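Participant: I'd like to ask some things about the structure below.
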Amino acid sequence: MSLIAAIMVVGVGILAKPNFSTGADTFAQRFEAAGPVILEPVVRIVVTVPIESQGDVLGDVGARRGRVVNSYAEGARQHIEADVPMAELGRYAMDLRSMTAGRGTYWVTDTFDDTLPQQLAGKVLAKYQH
């Protein structure tokens, strides 16, 4: 049996028991049986936009694989909190400016790791397979 891809693995601990047989094949079998996943950095953003831009911004967040976690109005402004993969935010400031005619702002409040969706994980694995 071979490993899936040559990707750095972090956060793995091994408990060696007296009857534990050593070797790369045994580790590979146990590693794959554990169901490893690929993680990606995700950021929580808070976007503040004019209410009339809310639909465009919500659609854009969804197109970036984002998940809206909270949305509320404050006067003529709409506040949208969403978790968005960091890889999807490369041009966000420019795109937000375009969607809101320069009247939207955003900031990052938190960062965490989440599981990369299976269809994207397949692309990553294909890039690194032997």
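Residue names in the structure tokens use chain letters A, B, ... in the order shown, residue numbers from 1 in each chain, and ligand numbers from 1 in the order shown.
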Going by DSSP on the backbone, which bits of chain A are alpha helix (DSSP H)? Write them as a compact mmCIF listing (two decimals) with C-alpha atoms, in the first residue's frame, please.
Facilitator:
# COMPACT_ATOMS: atom_id res chain seq x y z
CA ALA A 24 5.96 2.18 6.60
CA ASP A 25 3.18 -0.09 5.34
CA THR A 26 1.66 -0.42 8.81
CA PHE A 27 1.77 3.34 9.35
CA ALA A 28 0.26 4.00 5.91
CA GLN A 29 -2.56 1.53 6.55
CA ARG A 30 -3.35 3.02 9.95
CA PHE A 31 -3.05 6.57 8.64
CA GLU A 32 -5.49 5.97 5.80
CA ALA A 33 -7.86 4.07 8.10
CA GLN A 54 -26.96 43.39 0.47
CA GLY A 55 -28.14 40.96 -2.23
CA ASP A 56 -25.04 41.39 -4.37
CA VAL A 57 -22.74 40.94 -1.38
CA LEU A 58 -24.58 37.86 -0.09
CA GLY A 59 -24.40 36.28 -3.56
CA ASP A 60 -20.69 37.06 -3.77
CA VAL A 61 -20.02 35.53 -0.34
CA GLY A 62 -21.78 32.35 -1.46
CA ALA A 63 -19.81 32.26 -4.71
CA TYR A 92 -12.24 40.87 -2.17
CA ALA A 93 -11.48 44.53 -1.36
CA MET A 94 -11.62 45.49 -5.05
CA ASP A 95 -14.71 43.39 -5.72
CA LEU A 96 -16.52 44.82 -2.68
CA ARG A 97 -15.66 48.35 -3.78
CA SER A 98 -17.11 47.57 -7.21
CA MET A 99 -20.32 45.98 -5.84
CA GLN A 118 -13.91 16.79 -1.17
CA GLN A 119 -13.98 18.02 -4.79
CA LEU A 120 -11.21 20.55 -4.04
CA ALA A 121 -9.26 18.06 -1.92
CA GLY A 122 -9.18 15.78 -4.98
CA LYS A 123 -7.52 18.55 -7.00
CA VAL A 124 -4.92 19.11 -4.29
CA LEU A 125 -4.16 15.40 -4.05
CA ALA A 126 -3.85 15.10 -7.83
CA LYS A 127 -1.23 17.85 -7.79
CA TYR A 128 0.93 16.04 -5.23
Participant: With only C-alpha atoms as the counted atoms, please give the residues lying no more than 6 Å from Ala82 (chain A), apart from itself and same-chain residues fewer than 3 positions off, as a VMD selection string.
Facilitator: chain A and resid 44 to 45 67 to 69
Participant: Using Å and a single decimal, report how far CA of Asp113 (chain A) sits from CA of Ala73 (chain A).
Facilitator: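 Computing it gives 28.7 Å between the two atoms.
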Participant: Do you know which residues are at most 9 Å from Ala87 (chain A) counting only C-alpha atoms, after dropping those on the same chain fewer than 6 positions away, and could you put them as a list in words?
Facilitator: Glu40, Pro41, Val42 and Arg64 of chain A
Participant: Could you state the separation of CA of Ala34 (chain A) and CA of Phe112 (chain A) in Å, given to one decimal place?
Facilitator: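 These two atoms are separated by 22.0 Å.
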Participant: Return as a count of residues only the full set of residues in chain A whose backbone-based DSSP assignment is strand (DSSP E).
Facilitator: 40
Participant: Select, from A:Ala101, A:Pro50, A:Val84, A:Thr115, the residue with the minimum atom-to-atom distance to Pro36 (chain A), counting only C-alpha atoms.
Facilitator: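 Selected residue with least distance to Pro36 (chain A): A:Thr115.
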Participant: Report the distance between CA of Gly104 (chain A) and CA of Val47 (chain A) in Å, rounded to one decimal place.
Facilitator: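 We find that CA of Gly104 (chain A) and CA of Val47 (chain A) lie 7.1 Å from each other.
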